[in-house]
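Written below as structure tokens is the structure these notes are about.
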Amino acid sequence: GLLPVQAPITSHPGERHPDLYAAVINQFGVQGNPRYAPDGHVYSAAFAGDVARAMGVPLPTFPEIAEQSMGGVSALYQWFVDCSTQQAWRPLDPGTPEGLQALQEHVNAGRPAFVVDASHIAVVRPRQNAGHRTELRLALAGALQANNVTLGDAGFDAPLEPLFFVHD
């Protein structure tokens, strides 16, 4: 597993800005970074954790989720479903016009958001102007390593509907 890294660029509540949020995401160079390259394992949870820590928001680390009966992204998915609201995460549904607008306003203000299903986790990027949730821009590691890809191209379409969570 990967141990957490200390990121030089961070953002914390009270200092949120979309440019800073983008800089936090971009500093990890997910596209082509050997830290996240698939090698029989997928490191989407490691990338999401690195971004979460740099944003000053709670997300279990690999060692913490590896202690559970299920590991990796499926454990993070279950954590979001069962425990994240106790850590000030809030679910949003961008499948509705109101939810899509709320999610975009959230990230465009420089506040973090993640999308997760049982096999993927990704960071929702700032500077959104999506007309539909499939057009939301993400950064993710995994079988696909991409710094700026749409939800529709990122593999979140099946088999489960992804969940979206925001944190201030």
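Labels for the structure tokens follow display order: chains A, B, ..., residues from 1 in each chain, ligands from 1.
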Within 10 Å of region 3-17 of chain A, which residues of region 46-157 of chain A show up? Give each one with its shortest atom-to-atom distance in Å (one decimal) and the two atoms involved, counting only C-alpha atoms, rows by chain then rising residue number, as a Markdown table.
```
| residue | atom | partner | partner_atom | distance |
| --- | --- | --- | --- | --- |
| A:Ala46 | CA | A:Pro4 | CA | 7.7 |
| A:Phe47 | CA | A:Pro4 | CA | 9.4 |
| A:Gly49 | CA | A:Pro4 | CA | 7.5 |
| A:Asp50 | CA | A:Pro4 | CA | 6.4 |
| A:Val51 | CA | A:Ala7 | CA | 8.6 |
| A:Ala52 | CA | A:Thr10 | CA | 9.6 |
| A:Arg53 | CA | A:Thr10 | CA | 8.2 |
| A:Ala54 | CA | A:Thr10 | CA | 4.6 |
| A:Met55 | CA | A:Ser11 | CA | 4.7 |
| A:Gly56 | CA | A:His12 | CA | 5.3 |
| A:Val57 | CA | A:His12 | CA | 7.9 |
| A:Thr61 | CA | A:Pro4 | CA | 7.3 |
| A:Phe62 | CA | A:Leu3 | CA | 7.4 |
| A:Pro63 | CA | A:Leu3 | CA | 7.9 |
| A:Val107 | CA | A:His17 | CA | 8.9 |
| A:Asn108 | CA | A:His17 | CA | 7.9 |
| A:Ala109 | CA | A:His17 | CA | 5.6 |
| A:Gly110 | CA | A:His17 | CA | 4.2 |
| A:Arg111 | CA | A:Arg16 | CA | 6.1 |
| A:Pro112 | CA | A:Arg16 | CA | 9.1 |
| A:Pro126 | CA | A:His17 | CA | 9.1 |
```
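Every residue of chain A found in strand (DSSP E) when DSSP is run on the backbone appears here: Arg90, Pro91, Leu92, Ala113, Phe114, Val115, Val116, Ile121, Ala122, Val123, Val124, Arg137, Leu138, Ala139, Leu140, Ala146, Asn147, Asn148, Val149, Thr150, Leu163, Phe164, Phe165 and Val166 of chain A.
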Quiz prompt | Per-residue DSSP, region 7-96 of chain A, filtered to helix (DSSP H, G or I), as number ranges by chain | solution = A: 18-26, 34-36, 44-55, 62-66, 72-82, 84-87
Quiz prompt | Among the residues A:His167, A:Arg35, A:His120, A:His106, the one that comes closest to Leu76 (chain A) [using only C-alpha atoms] | solution =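 Residue with the minimum atom-to-atom distance to Leu76 (chain A): A:His120.
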Exercise. Excluding Asn129 (chain A) and residues on its chain fewer than 3 positions from it, collect all residues at most 10 Å away from it, counting only C-alpha atoms, and give them as number ranges by chain.
Key: A: 100-101, 104-105, 108, 126, 132, 135-137
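Each of A:Leu140, A:Val123, A:Ala154, A:Val42 was compared to Val30 (chain A) using only C-alpha atoms, and A:Leu140 turns out to be the nearest.
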Exercise. Fewer than 2 positions away in the same chain doesn't count, so skip those; otherwise give me all residues within 7 Å of Ala122 (chain A), counting only C-alpha atoms, as a list in words.
Key: Ala48, Phe114, Val115, Val116, His120, Val124, Leu138, Ala139 and Leu140 of chain A
Quiz item: So how many Å separate CA of Tyr43 (chain A) and CA of Gly152 (chain A), to one decimal?
Solution: 20.1 Å
Practice problem: Determine the nearest neighbour of Val24 (chain A) from the options A:Leu163, A:Ala102, A:Arg125, A:Asp153, counting only C-alpha atoms. | Solution: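 Closest to Val24 (chain A) of all the choices is A:Arg125.
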Quiz prompt | Distance query Gln87 (chain A) at most 10 Å, only C-alpha atoms, self and fewer than 2 positions along chain excluded, as a PyMOL selection string | solution = chain A and resi 57-59+80+83-85+89-90+167
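Here CA of Asp19 (chain A) is placed at a distance of 20.9 Å from CA of Leu151 (chain A).
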Quiz prompt | Who sits within 9 Å of Leu144 (chain A), only C-alpha atoms, same chain under 5 positions skipped, as a list in words | solution =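 Counting only the stated atoms, we get Gln31, Pro38, Ala154 and Gly155 of chain A.
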